[in-house]
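Participant: My file is structure-v4.txt. It has compact mmCIF, C-alpha atoms:
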```txt
# COMPACT_ATOMS: atom_id res chain seq x y z
CA MET A 231 7.68 -8.66 -27.90
CA THR A 232 7.85 -11.81 -30.03
CA GLN A 233 6.24 -15.12 -29.10
CA ALA A 234 9.65 -16.59 -28.21
CA GLU A 235 10.45 -13.63 -25.97
CA PHE A 236 7.04 -13.91 -24.32
CA GLU A 237 7.64 -17.59 -23.67
CA THR A 238 10.86 -16.80 -21.82
CA ILE A 239 9.17 -14.42 -19.38
CA ALA A 240 5.87 -16.32 -19.06
CA PRO A 241 6.96 -18.97 -16.46
CA GLY A 242 8.19 -16.29 -14.04
CA LEU A 243 5.04 -14.20 -14.45
CA ARG A 244 2.87 -17.29 -14.12
CA LYS A 245 4.44 -17.93 -10.71
CA VAL A 246 3.68 -14.37 -9.63
CA MET A 247 0.06 -14.68 -10.76
CA MET A 248 -0.31 -18.08 -9.08
CA SER A 249 0.83 -16.50 -5.85
CA VAL A 250 -1.79 -13.70 -6.12
CA GLY A 251 -4.53 -16.26 -6.86
CA ARG A 252 -3.40 -18.54 -4.00
CA ASN A 253 -3.47 -15.61 -1.58
CA PHE A 254 -6.97 -14.66 -2.59
CA PHE A 255 -8.71 -18.00 -3.03
CA GLY A 256 -6.54 -20.12 -0.74
CA ASN A 257 -6.35 -23.10 -3.09
CA GLU A 258 -4.19 -24.30 -5.95
CA SER A 259 -6.96 -24.98 -8.44
CA ASP A 260 -8.32 -21.41 -8.44
CA ALA A 261 -4.77 -20.04 -8.36
CA ASP A 262 -4.06 -22.04 -11.48
CA ASP A 263 -7.15 -20.57 -13.19
CA VAL A 264 -6.03 -17.06 -12.25
CA ALA A 265 -2.58 -17.67 -13.71
CA GLN A 266 -4.07 -19.17 -16.86
CA GLU A 267 -6.51 -16.29 -17.43
CA GLY A 268 -3.81 -13.81 -16.53
CA LEU A 269 -1.33 -15.19 -19.07
CA VAL A 270 -3.97 -15.05 -21.80
CA ALA A 271 -4.64 -11.39 -20.95
CA LEU A 272 -0.91 -10.65 -20.89
CA TRP A 273 -0.45 -12.41 -24.22
CA ARG A 274 -3.03 -10.08 -25.81
CA TYR A 275 -0.99 -7.19 -24.46
CA ARG A 276 2.41 -8.55 -25.58
CA ASP A 277 2.92 -6.02 -28.39
CA ARG A 278 3.30 -3.30 -25.81
CA LEU A 279 5.69 -5.22 -23.54
CA ASP A 280 9.35 -4.30 -23.74
CA ILE A 281 11.78 -7.19 -23.35
CA GLY A 282 14.27 -5.26 -21.20
CA GLN A 283 11.76 -4.31 -18.53
CA THR A 284 10.31 -6.14 -15.58
CA HIS A 285 6.60 -6.87 -15.93
CA GLU A 286 5.88 -8.26 -12.48
CA GLY A 287 3.84 -5.19 -11.54
CA LEU A 288 1.60 -5.56 -14.55
CA ALA A 289 1.29 -9.33 -13.97
CA ILE A 290 0.13 -8.69 -10.38
CA ARG A 291 -2.45 -6.12 -11.52
CA ILE A 292 -3.78 -8.49 -14.18
CA ALA A 293 -3.93 -11.36 -11.67
CA LYS A 294 -5.88 -9.20 -9.22
CA HIS A 295 -8.29 -8.29 -12.00
CA CYS A 296 -8.68 -11.99 -12.87
CA CYS A 297 -9.47 -12.80 -9.21
CA MET A 298 -12.17 -10.13 -9.14
CA ASP A 299 -13.51 -11.27 -12.50
CA MET A 300 -13.75 -14.87 -11.31
CA MET A 301 -15.55 -13.71 -8.18
CA ARG A 302 -18.03 -11.69 -10.22
CA LYS A 303 -18.78 -14.68 -12.43
CA ARG A 304 -19.30 -16.89 -9.38
CA LYS A 305 -21.62 -14.37 -7.83
CA GLU A 306 -23.67 -14.27 -11.02
CA SER A 307 -23.83 -18.07 -11.15
CA VAL A 308 -24.91 -18.42 -7.51
CA GLN A 309 -27.57 -15.80 -8.10
CA LEU A 310 -28.83 -17.78 -11.07
CA TYR A 311 -28.66 -21.22 -9.50
CA GLY A 312 -29.47 -20.71 -5.86
CA ALA A 313 -29.06 -18.72 -2.70
CA ILE A 314 -25.67 -17.31 -1.80
CA PRO A 315 -24.17 -19.25 1.10
CA PRO A 316 -23.83 -16.94 4.13
CA ASP A 317 -20.09 -17.42 4.50
CA SER A 318 -19.44 -17.22 0.81
CA ILE A 319 -16.47 -15.18 -0.31
CA THR A 320 -18.77 -13.62 -2.92
CA LYS A 321 -20.44 -11.42 -0.33
CA GLU A 322 -17.33 -9.25 -0.45
CA MET A 323 -18.12 -8.28 -4.01
CA PRO A 324 -20.38 -5.42 -5.11
CA ALA A 325 -23.68 -6.32 -6.77
CA ALA A 326 -23.41 -7.90 -10.21
CA GLN A 327 -24.33 -5.75 -13.23
CA SER A 328 -27.70 -5.93 -14.94
CA PRO A 329 -27.80 -6.56 -18.75
CA GLN A 330 -28.65 -2.86 -19.25
CA GLU A 331 -25.63 -1.85 -17.19
CA ILE A 332 -23.41 -4.26 -19.10
CA LEU A 333 -24.58 -2.67 -22.37
CA GLU A 334 -23.88 0.81 -21.02
CA THR A 335 -20.47 -0.28 -19.81
CA ASP A 336 -19.66 -1.74 -23.23
CA GLU A 337 -20.69 1.51 -24.93
CA LEU A 338 -18.64 3.51 -22.48
CA GLN A 339 -15.70 1.20 -23.08
CA SER A 340 -15.82 1.72 -26.85
CA ALA A 341 -16.12 5.48 -26.32
CA ILE A 342 -12.99 5.37 -24.14
CA GLU A 343 -11.09 3.34 -26.72
CA GLU A 344 -12.03 5.83 -29.44
CA ALA A 345 -10.97 8.73 -27.22
CA ILE A 346 -7.63 7.05 -26.48
CA ASP A 347 -7.09 6.53 -30.23
CA ARG A 348 -7.48 10.27 -30.73
CA LEU A 349 -4.70 11.11 -28.25
CA THR A 350 -1.28 12.08 -29.60
CA PRO A 351 1.27 9.22 -29.44
CA GLY A 352 3.10 10.94 -26.56
CA GLU A 353 -0.07 11.46 -24.55
CA ARG A 354 -1.19 7.92 -25.20
CA ARG A 355 2.14 6.44 -24.14
CA LEU A 356 2.27 8.24 -20.79
CA TYR A 357 -1.46 7.72 -20.18
CA GLU A 358 -1.03 3.96 -20.62
CA LEU A 359 2.12 3.74 -18.53
CA ARG A 360 0.11 5.18 -15.69
CA GLN A 361 -3.24 3.56 -16.45
CA ILE A 362 -2.17 0.06 -17.42
CA GLU A 363 1.28 -0.47 -15.98
CA GLY A 364 0.32 1.44 -12.82
CA TRP A 365 3.59 3.35 -12.58
CA GLU A 366 4.06 6.27 -10.21
CA LEU A 367 4.82 9.66 -11.79
CA ASP A 368 8.45 9.51 -10.56
CA GLU A 369 8.90 6.12 -12.19
CA ILE A 370 7.46 7.33 -15.50
CA ALA A 371 9.66 10.43 -15.37
CA SER A 372 12.84 8.45 -14.73
CA LYS A 373 12.11 5.78 -17.34
CA THR A 374 11.03 8.16 -20.09
CA ASN A 375 13.50 10.96 -19.32
CA ILE A 376 10.64 13.45 -19.19
CA SER A 377 10.50 15.79 -16.21
CA LYS A 378 7.89 15.00 -13.58
CA PRO A 379 5.92 18.26 -14.08
CA SER A 380 5.74 17.53 -17.82
CA VAL A 381 4.61 13.94 -17.16
CA LYS A 382 1.90 15.28 -14.85
CA SER A 383 0.80 17.83 -17.42
CA ILE A 384 0.70 15.34 -20.32
CA ILE A 385 -1.27 12.80 -18.28
CA SER A 386 -3.66 15.55 -17.19
CA THR A 387 -4.19 16.66 -20.81
CA ALA A 388 -4.87 13.06 -21.86
CA ARG A 389 -7.31 12.43 -19.02
CA ARG A 390 -9.19 15.70 -19.60
CA LYS A 391 -9.46 14.99 -23.34
CA ILE A 392 -10.89 11.52 -22.67
CA TYR A 393 -13.23 12.87 -20.00
CA GLU A 394 -14.60 15.57 -22.32
CA GLU A 395 -15.07 13.05 -25.15
CA LEU A 396 -16.94 10.74 -22.80
CA LYS A 397 -19.22 13.52 -21.61
CA LYS A 398 -19.96 14.45 -25.23
CA SER A 399 -20.72 10.86 -26.22
CA LEU A 400 -22.92 10.46 -23.16
CA LYS A 401 -24.97 13.54 -24.17
CA SER A 402 -25.32 12.38 -27.77
CA MET B 194 -14.97 9.58 2.23
CA THR B 195 -17.48 12.43 1.83
CA HIS B 196 -19.00 13.50 -1.48
CA LYS B 197 -16.91 16.69 -1.42
CA GLU B 198 -13.66 14.78 -0.74
CA THR B 199 -14.37 12.50 -3.68
CA GLU B 200 -15.04 15.52 -5.92
CA ILE B 201 -11.70 17.03 -4.85
CA LEU B 202 -9.96 13.74 -5.61
CA ILE B 203 -11.62 13.61 -9.04
CA THR B 204 -10.27 17.09 -9.85
CA LYS B 205 -6.82 15.99 -8.66
CA TYR B 206 -7.12 12.87 -10.82
CA LEU B 207 -8.01 14.89 -13.91
CA ASN B 208 -5.09 17.22 -13.14
CA GLY B 209 -2.75 14.22 -13.04
CA GLU B 210 -1.89 14.99 -9.43
CA THR B 211 -3.16 11.89 -7.63
CA THR B 212 -0.82 9.25 -6.21
CA LEU B 213 -1.54 5.58 -6.92
CA GLU B 214 -2.84 5.22 -3.37
CA GLU B 215 -5.26 8.11 -3.84
CA GLU B 216 -6.39 6.59 -7.12
CA LYS B 217 -7.18 3.36 -5.28
CA GLN B 218 -9.34 5.29 -2.79
CA LEU B 219 -11.01 7.10 -5.66
CA ALA B 220 -11.62 3.83 -7.51
CA LEU B 221 -13.47 2.43 -4.49
CA GLU B 222 -15.65 5.54 -4.26
CA VAL B 223 -16.55 5.86 -7.93
CA THR B 224 -17.42 2.17 -8.31
CA ARG B 225 -19.92 2.18 -5.45
CA ASP B 226 -23.40 1.09 -6.48
CA ASP B 227 -24.84 4.44 -5.40
CA ALA B 228 -22.18 6.58 -7.13
CA PRO B 229 -23.53 9.50 -9.24
CA GLU B 230 -23.56 9.11 -13.03
CA GLU B 231 -20.65 11.50 -13.65
CA TRP B 232 -18.48 9.50 -11.25
CA LYS B 233 -19.14 6.41 -13.35
CA LEU B 234 -17.32 8.13 -16.21
CA ILE B 235 -14.27 8.39 -13.98
CA ALA B 236 -14.63 4.73 -13.00
CA ALA B 237 -14.75 3.77 -16.68
CA MET B 238 -11.71 5.95 -17.38
CA MET B 239 -9.74 4.38 -14.58
CA GLY B 240 -10.37 1.01 -16.19
CA GLU B 241 -10.98 -2.42 -14.74
CA LEU B 242 -7.33 -3.04 -13.98
CA ALA B 243 -7.24 -0.10 -11.57
CA THR B 244 -10.72 -0.48 -10.09
CA ASP B 245 -10.32 -4.23 -9.59
CA GLU B 246 -6.89 -3.76 -8.03
CA ALA B 247 -8.40 -1.27 -5.57
CA LEU B 248 -11.20 -3.70 -4.74
CA PHE B 249 -8.81 -6.63 -4.39
CA ASP B 250 -6.52 -4.71 -2.03
CA HIS B 251 -9.52 -3.50 -0.05
CA ILE B 252 -10.85 -7.04 0.39
CA MET B 253 -7.44 -8.39 1.39
CA THR B 254 -6.86 -5.57 3.89
CA GLU B 255 -10.31 -6.16 5.41
CA ARG B 256 -9.61 -9.87 5.77
CA ALA B 257 -6.19 -9.30 7.32
CA THR B 258 -7.58 -6.68 9.72
CA GLN B 259 -10.30 -9.10 10.83
CA ARG B 260 -7.68 -11.75 11.39
CA PHE B 261 -5.49 -9.50 13.50
CA THR B 262 -8.35 -8.02 15.51
CA ARG B 263 -8.61 -10.63 18.21
CA LYS B 264 -11.21 -10.64 20.96
CA PRO B 265 -9.45 -9.59 24.15
CA SER B 266 -9.53 -12.33 26.77
CA LEU B 267 -10.39 -11.71 30.42
CA GLN B 268 -6.70 -12.07 31.24
CA ASN B 269 -5.86 -9.29 28.75
CA TRP B 270 -8.43 -7.04 30.40
CA TRP B 271 -6.66 -7.50 33.72
CA TRP B 272 -3.35 -6.56 32.15
CA THR B 273 -4.90 -3.51 30.50
CA ALA B 274 -6.49 -2.44 33.78
CA ALA B 275 -3.19 -2.93 35.61
CA ALA B 276 -1.30 -0.92 32.98
CA CYS B 277 -3.85 1.91 33.18
CA LEU B 278 -3.58 1.93 36.97
CA LEU B 279 0.22 2.11 36.76
CA LEU B 280 -0.04 4.97 34.28
CA LEU B 281 -2.43 6.85 36.55
CA VAL B 282 -0.17 6.35 39.59
CA GLY B 283 2.85 7.45 37.55
CA PHE B 284 1.00 10.48 36.28
CA GLY B 285 -0.10 11.35 39.80
CA PHE B 286 3.48 11.22 41.12
CA SER B 287 4.76 13.24 38.20
CA TRP B 288 2.07 15.88 38.69
CA ARG B 289 2.81 16.14 42.41
CA TYR B 290 6.52 16.45 41.71
CA HIS B 291 6.04 19.21 39.12
CA ARG B 292 3.63 21.03 41.39
CA HIS B 293 6.17 20.84 44.21
CA GLU B 294 8.89 22.22 41.90
CA ALA B 295 6.53 24.98 40.76
CA ASP B 296 5.72 25.93 44.36
CA LYS B 297 9.44 26.12 45.09
CA THR B 298 9.92 28.48 42.12
CA VAL B 299 7.09 30.72 43.26
CA LEU B 300 8.51 30.76 46.78
CA ALA B 301 11.98 31.59 45.50
CA ALA B 302 10.61 34.34 43.30
CA SER B 303 8.72 35.94 46.18
CA GLU B 304 11.70 35.90 48.60
CA PRO B 305 12.79 39.43 49.52
CA ALA B 306 16.48 38.63 48.87
CA THR B 307 15.72 38.22 45.17
CA GLU B 308 16.73 41.32 43.29
CA THR B 309 14.70 40.81 40.21
CA THR B 310 10.96 41.06 40.10
CA PRO B 311 9.32 37.85 39.04
CA THR B 312 8.21 38.18 35.45
CA ALA B 313 5.91 36.18 33.29
CA SER B 314 8.86 34.31 31.88
CA SER B 315 10.08 33.22 35.28
CA ALA B 316 6.63 32.18 36.46
CA PRO B 317 5.99 28.48 36.56
CA THR B 318 4.10 27.47 33.49
CA THR B 319 2.98 24.22 32.00
CA THR B 320 4.32 23.96 28.48
CA MET B 321 1.91 22.22 26.14
CA VAL B 322 3.56 20.44 23.24
CA ALA B 323 1.82 21.99 20.24
CA GLU B 324 2.28 19.03 17.94
CA THR B 325 3.51 15.52 18.61
CA TYR B 326 5.87 14.51 15.85
CA GLN B 327 5.99 10.82 15.10
CA ASP B 328 9.46 9.93 13.91
CA PRO B 329 9.26 7.15 11.26
CA ALA B 330 12.62 5.81 12.49
CA ARG B 331 10.72 4.61 15.58
CA VAL B 332 9.46 1.67 13.52
CA THR B 333 12.99 0.55 12.66
CA ARG B 334 14.06 0.88 16.31
CA PHE B 335 11.07 -1.24 17.34
CA ILE B 336 11.95 -3.88 14.75
CA LYS B 337 15.55 -4.02 16.02
CA GLU B 338 14.28 -4.58 19.55
CA LEU B 339 11.89 -7.23 18.31
CA ALA B 340 14.74 -8.96 16.47
CA LYS B 341 16.79 -8.96 19.68
CA VAL B 342 13.97 -10.34 21.79
CA TYR B 343 13.22 -13.18 19.40
CA SER B 344 16.87 -13.78 18.43
CA ALA B 345 16.03 -13.24 14.78
CA ASP B 346 18.76 -13.68 12.20
CA SER B 347 20.12 -10.63 10.48
CA LEU B 348 20.75 -11.46 6.82
CA HIS B 349 23.30 -9.84 4.62
CA PRO B 350 22.61 -10.12 0.89
CA ASP B 351 25.76 -9.85 -1.20
CA CYS B 352 25.01 -6.46 -2.69
CA PRO B 353 27.53 -4.43 -4.68
CA THR B 354 29.04 -1.38 -3.01
CA PRO B 355 26.12 1.01 -2.48
CA THR B 356 25.96 4.12 -4.61
CA GLU B 357 25.12 7.52 -3.19
CA ASN B 358 21.37 7.20 -3.74
CA ALA B 359 21.11 3.50 -2.92
CA PRO B 360 18.76 2.65 -0.04
CA GLN B 361 20.13 1.75 3.39
CA GLU B 362 18.81 -1.70 4.11
CA SER B 363 18.58 -4.32 6.81
CA VAL B 364 17.02 -7.74 6.51
CA TYR B 365 15.77 -9.92 9.36
CA LEU B 366 14.52 -13.46 9.39
CA PHE B 367 11.87 -14.30 11.99
CA ALA B 368 10.00 -17.48 12.75
CA ASP B 369 6.44 -17.48 11.42
CA ASN B 370 4.39 -18.53 14.42
CA GLU B 371 1.54 -17.31 16.58
CA GLU B 372 3.76 -16.52 19.53
CA GLN B 373 5.89 -14.03 17.63
CA ASP B 374 3.01 -12.86 15.40
CA ILE B 375 5.39 -10.54 13.56
CA ILE B 376 2.91 -9.31 10.97
CA GLY B 377 0.29 -8.67 13.68
CA ARG B 378 2.83 -6.63 15.64
CA LEU B 379 3.81 -4.67 12.56
CA VAL B 380 0.16 -3.84 11.93
CA GLN B 381 -0.03 -2.50 15.49
CA VAL B 382 3.10 -0.42 14.85
CA ALA B 383 1.51 1.01 11.71
CA CYS B 384 -1.40 2.09 13.92
CA TRP B 385 0.97 4.45 15.76
CA TYR B 386 0.85 6.68 12.72
CA SER B 387 -2.04 8.62 11.33
CA ASN B 388 -2.91 7.89 7.71
CA LYS B 389 -2.39 11.62 7.15
CA HIS B 390 1.32 11.16 7.92
CA PRO B 391 3.48 12.16 4.91
CA GLY B 392 4.07 9.25 2.55
CA TYR B 393 1.73 6.96 4.53
CA HIS B 394 1.06 3.75 2.67
CA LEU B 395 -0.09 0.51 4.22
CA SER B 396 -0.71 -2.59 2.22
CA LEU B 397 -1.59 -5.85 3.83
CA ASN B 398 -2.57 -9.35 2.84
CA ASP B 399 -2.07 -12.90 4.09
CA LYS B 400 1.45 -13.11 2.72
CA GLN B 401 2.79 -9.61 2.77
CA PHE B 402 2.89 -6.44 4.84
CA ILE B 403 4.20 -3.21 3.33
CA PHE B 404 4.36 0.03 5.25
CA GLN B 405 5.84 3.29 3.98
CA LEU B 406 6.35 6.66 5.58
CA GLU B 407 8.23 9.82 4.75
CA ASP B 408 10.24 11.95 7.09
CA SER B 409 9.53 15.27 5.42
CA ARG B 410 11.92 17.09 7.76
CA LYS B 411 14.89 15.09 6.60
CA ASN B 412 13.52 14.17 3.16
CA ILE B 413 13.83 10.45 3.89
CA HIS B 414 11.52 7.75 2.57
CA TYR B 415 11.11 4.63 4.73
CA GLN B 416 9.75 1.24 3.79
CA TRP B 417 9.20 -1.88 5.90
CA MET B 418 8.19 -5.02 4.12
CA ALA B 419 7.47 -8.38 5.75
CA GLU B 420 6.77 -11.43 3.66
CA ARG B 421 6.00 -15.04 4.37
CA VAL B 422 8.75 -16.94 2.56
CA ARG B 423 9.34 -20.65 2.97
CA GLY B 424 7.65 -20.81 6.38
CA ARG B 425 9.57 -17.84 7.75
CA ILE B 426 9.01 -14.10 7.90
CA LEU B 427 11.49 -12.12 5.88
CA LEU B 428 11.51 -8.53 7.07
CA HIS B 429 13.17 -5.89 4.94
CA CYS B 430 13.71 -2.38 6.36
CA SER B 431 15.00 0.30 4.04
CA TYR B 432 15.23 4.03 3.81
CA THR B 433 16.51 6.48 1.26
CA THR B 434 16.17 10.08 0.18
CA ALA B 435 12.54 10.64 -0.79
CA ASN B 436 13.25 11.05 -4.50
CA SER B 437 15.04 7.75 -5.07
CA SER B 438 13.64 4.21 -4.99
CA VAL B 439 13.45 2.55 -1.60
CA PHE B 440 13.51 -0.94 -3.05
CA SER B 441 16.87 -2.23 -4.24
CA THR B 442 17.26 -4.62 -7.14
CA CYS B 443 19.79 -6.51 -5.05
CA TYR B 444 17.24 -7.27 -2.33
CA ARG B 445 14.59 -8.19 -4.91
CA GLU B 446 16.97 -10.71 -6.48
CA PHE B 447 17.98 -12.04 -3.06
CA ARG B 448 14.34 -12.51 -2.10
CA ASN B 449 13.53 -14.31 -5.35
CA GLU B 450 16.53 -16.58 -4.86
CA ILE B 451 15.21 -17.57 -1.44
CA GLU B 452 11.77 -18.31 -2.87
CA ASP B 453 13.31 -20.54 -5.51
CA ASN B 454 15.96 -22.19 -3.39
CA PRO B 455 15.44 -22.80 0.35
CA TYR B 456 19.03 -23.99 0.61
CA ILE B 457 20.15 -20.35 0.47
CA LEU B 458 18.00 -19.53 3.48
CA ASN B 459 19.53 -22.28 5.57
CA ASN B 460 23.09 -21.66 4.50
CA HIS B 461 23.23 -17.91 4.06
CA LYS B 462 25.65 -15.85 6.05
CA THR B 463 23.65 -14.80 9.11
CA ILE B 464 24.49 -12.94 12.26
CA LYS B 465 22.68 -13.63 15.50
CA ILE B 466 21.44 -10.43 17.05
```
How does this structure look as structure tokens?
Facilitator:
Amino acid sequence: MTQAEFETIAPGLRKVMMSVGRNFFGNESDADDVAQEGLVALWRYRDRLDIGQTHEGLAIRIAKHCCMDMMRKRKESVQLYGAIPPDSITKEMPAAQSPQEILETDELQSAIEEAIDRLTPGERRLYELRQIEGWELDEIASKTNISKPSVKSIISTARRKIYEELKKSLKS
Amino acid sequence: MTHKETEILITKYLNGETTLEEEKQLALEVTRDDAPEEWKLIAAMMGELATDEALFDHIMTERATQRFTRKPSLQNWWWTAAACLLLLVGFGFSWRYHRHEADKTVLAASEPATETTPTASSAPTTTMVAETYQDPARVTRFIKELAKVYSADSLHPDCPTPTENAPQESVYLFADNEEQDIIGRLVQVACWYSNKHPGYHLSLNDKQFIFQLEDSRKNIHYQWMAERVRGRILLHCSYTTANSSVFSTCYREFRNEIEDNPYILNNHKTIKI
């Protein structure tokens, strides 16, 4: 998707992301931050967006991720700068990661990216439609013209390959 | 979810057999602070988009559930007690009646004029219903009744002639107030069904309620979606054969139009129920 094409779909997706942020935080300012962060994330992903398709689902997923990310950052900052207020929304979040955990997560993330790069183009495509776009198997089957059992099998192969690679890298 | 159930779900996930809903459950389990190391690999594989979505939906559902779980007032307790008493009285009458009928059958069977010997099949028995089947269409019937009671508007989006696989849809417009508490009532309706019911999916937040069920006997997929739009509750009921989409593009466009232009809502063709 080109920059011009992205600019045509961005206002609609921004609205969707604002709505997710408003629902979660209950105010316009945070909703605006969610939409802003979300659009940046979507922009990084624009090469894989097809112009003819609707991207609302992906925009909602990204906005939800941004909400959680903002909450995590707030939790870290209240832990650094004072006690967490009892009614704080941050209590709904799991504990923040330690630096060691962050390092491990980063290593794991690079291992996953390498494993995904080693998938065949077909495996990678279906894996991402499920993993990133969050499509159901039926939806992937109908949009790619691949039968549902084949979709299931290809996704399974991709997931097992990545899982095995991760186990190997963890041992080494 | 037990450790074993999570392990089963992980195998299903690696086999590509999990639904999105199951993957959300799995994401919540594998991202727990006390999750075993090997589960953390699965969490990393699922990615932040999926695990954060699961967490977000979980938080929103928790909040909505807390909101709809009201403390019963003393007055409500009286009503509950009265309803229970009525049920007990009704049950008592029904039991007496059936017992009376059974006695009559036994008497008739033991009369000398009867030519046939009473057999096990003619003996009075109490038939236990082996399994109570919850028909998903009950939800739609309830919504229709609700629409009648509150004089909701029935909307008719200008959709093209439906194709064979197109979903059957109805759209209602309710007031969004505490008295009607439409979303609260819908949550109660969803509680009629076990989460083991085929196709069960419940998603809830401040603005939206989505409930899906499948009628596996008739291969029908149902969806009920209520949304807060422009200070009203827009309730969309649809059903279709289980292998086609339950959400029509026509309704999606109609809903977006309303969001963008309240004029449509006030001037759309409506029919009072």
Participant: Should the cut-off be 6 Å, what would the residue list for chain A against chain B look like, counting all atoms listed in the file, as a list in words?
Facilitator: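 Putting it all together, I get Lys294, His295, Lys382, Ile385, Ser386, Arg389 and Arg390 of chain A.
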Participant: Provide the atom CA of Lys378 of chain A to atom CA of Glu366 of chain A distance in Å, to one decimal place.
Facilitator: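 Computing the Euclidean distance for atom CA of Lys378 of chain A and atom CA of Glu366 of chain A yields 10.1 Å.
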Participant: Give the answer as one residue: which of B:Glu215, B:Asp328, B:Asp227, B:Glu222 has the shortest atom-to-atom distance to His414 of chain B, using all atoms listed in the file?
Facilitator: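 Under the stated criterion, the closest residue is B:Asp328.
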Participant: Give me, as a PyMOL selection string, all polymer residues having an atom no more than 12 Å from Leu269 of chain A, counting only C-alpha atoms and skipping those fewer than 3 positions away in the same chain.
Facilitator: chain A and resi 236-237+239-248+262-266+272-276+285-286+288-293+296
Participant: How many Å separate atom CA of Pro360 of chain B from atom CA of Tyr343 of chain B?
Facilitator: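 Separating atom CA of Pro360 of chain B from atom CA of Tyr343 of chain B is a distance of 25.7 Å.
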Participant: Residues near Tyr393 of chain B, anyone? I mean within 8 Å using all atoms listed in the file, not counting same-chain ones fewer than 2 positions away, as a PyMOL selection string.
Facilitator: chain B and resi 387-391+395+404-407
Participant: Could you work out how far atom CA of Thr254 of chain B lies from atom CA of Gly251 of chain A, giving the answer in Å with one decimal?
Facilitator: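 If I compute the distance from atom CA of Gly251 of chain A to atom CA of Thr254 of chain B, I get 15.3 Å.
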Participant: May I ask which of the residues A:Ser377, A:Ser259, A:Gln233, A:Ser340 is the closest one to Glu395 of chain A, counting all atoms listed in the file?
Facilitator: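 Among the listed residues, the smallest separation from Glu395 of chain A belongs to A:Ser340.
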Participant: I'd like the contact shell of Val380 of chain B - 10 Å cut-off, all atoms listed in the file, skipping same-chain residues fewer than 4 positions apart - returned as a count of residues only.
Facilitator: 13
Participant: Considering only C-alpha atoms, return as a PyMOL selection string whatever protein or nucleic-acid residues lie within 7 Å of Leu427 of chain B, sequence-local ones (same chain, fewer than 3 positions apart) excluded.
Facilitator: chain B and resi 365-367+419-422
Participant: When distances are computed from all atoms listed in the file, which of A:Leu279, A:Val250, A:Thr238, A:Thr374 shows the smallest separation from Ile362 of chain A?
Facilitator: A:Leu279
Participant: Could segment 246-258 of chain A be completed with N, CA and C atoms and returned as an mmCIF file, keeping the file's coordinate frame?
Facilitator:
```
data_model
loop_
_atom_site.group_PDB
_atom_site.id
_atom_site.type_symbol
_atom_site.label_atom_id
_atom_site.label_comp_id
_atom_site.auth_asym_id
_atom_site.auth_seq_id
_atom_site.Cartn_x
_atom_site.Cartn_y
_atom_site.Cartn_z
ATOM 1 N N VAL A 246 4.154 -15.558 -10.342
ATOM 2 C CA VAL A 246 3.680 -14.370 -9.630
ATOM 3 C C VAL A 246 2.151 -14.374 -9.566
ATOM 4 N N MET A 247 1.522 -14.706 -10.708
ATOM 5 C CA MET A 247 0.060 -14.680 -10.760
ATOM 6 C C MET A 247 -0.548 -15.813 -9.930
ATOM 7 N N MET A 248 0.145 -16.948 -9.915
ATOM 8 C CA MET A 248 -0.310 -18.080 -9.080
ATOM 9 C C MET A 248 -0.336 -17.632 -7.619
ATOM 10 N N SER A 249 0.710 -16.921 -7.247
ATOM 11 C CA SER A 249 0.830 -16.500 -5.850
ATOM 12 C C SER A 249 -0.315 -15.546 -5.466
ATOM 13 N N VAL A 250 -0.672 -14.627 -6.389
ATOM 14 C CA VAL A 250 -1.790 -13.700 -6.120
ATOM 15 C C VAL A 250 -3.092 -14.510 -5.970
ATOM 16 N N GLY A 251 -3.307 -15.453 -6.892
ATOM 17 C CA GLY A 251 -4.530 -16.260 -6.860
ATOM 18 C C GLY A 251 -4.595 -17.125 -5.602
ATOM 19 N N ARG A 252 -3.457 -17.686 -5.200
ATOM 20 C CA ARG A 252 -3.400 -18.540 -4.000
ATOM 21 C C ARG A 252 -3.739 -17.715 -2.763
ATOM 22 N N ASN A 253 -3.186 -16.499 -2.719
ATOM 23 C CA ASN A 253 -3.470 -15.610 -1.580
ATOM 24 C C ASN A 253 -4.951 -15.299 -1.486
ATOM 25 N N PHE A 254 -5.575 -15.101 -2.617
ATOM 26 C CA PHE A 254 -6.970 -14.660 -2.590
ATOM 27 C C PHE A 254 -7.931 -15.819 -2.357
ATOM 28 N N PHE A 255 -7.737 -16.901 -3.110
ATOM 29 C CA PHE A 255 -8.710 -18.000 -3.030
ATOM 30 C C PHE A 255 -8.306 -19.072 -2.022
ATOM 31 N N GLY A 256 -7.006 -19.139 -1.726
ATOM 32 C CA GLY A 256 -6.540 -20.120 -0.740
ATOM 33 C C GLY A 256 -6.489 -21.535 -1.261
ATOM 34 N N ASN A 257 -6.516 -21.731 -2.574
ATOM 35 C CA ASN A 257 -6.350 -23.100 -3.090
ATOM 36 C C ASN A 257 -5.637 -23.070 -4.451
ATOM 37 N N GLU A 258 -5.026 -24.210 -4.758
ATOM 38 C CA GLU A 258 -4.190 -24.300 -5.950
ATOM 39 C C GLU A 258 -4.994 -24.258 -7.250
#
```
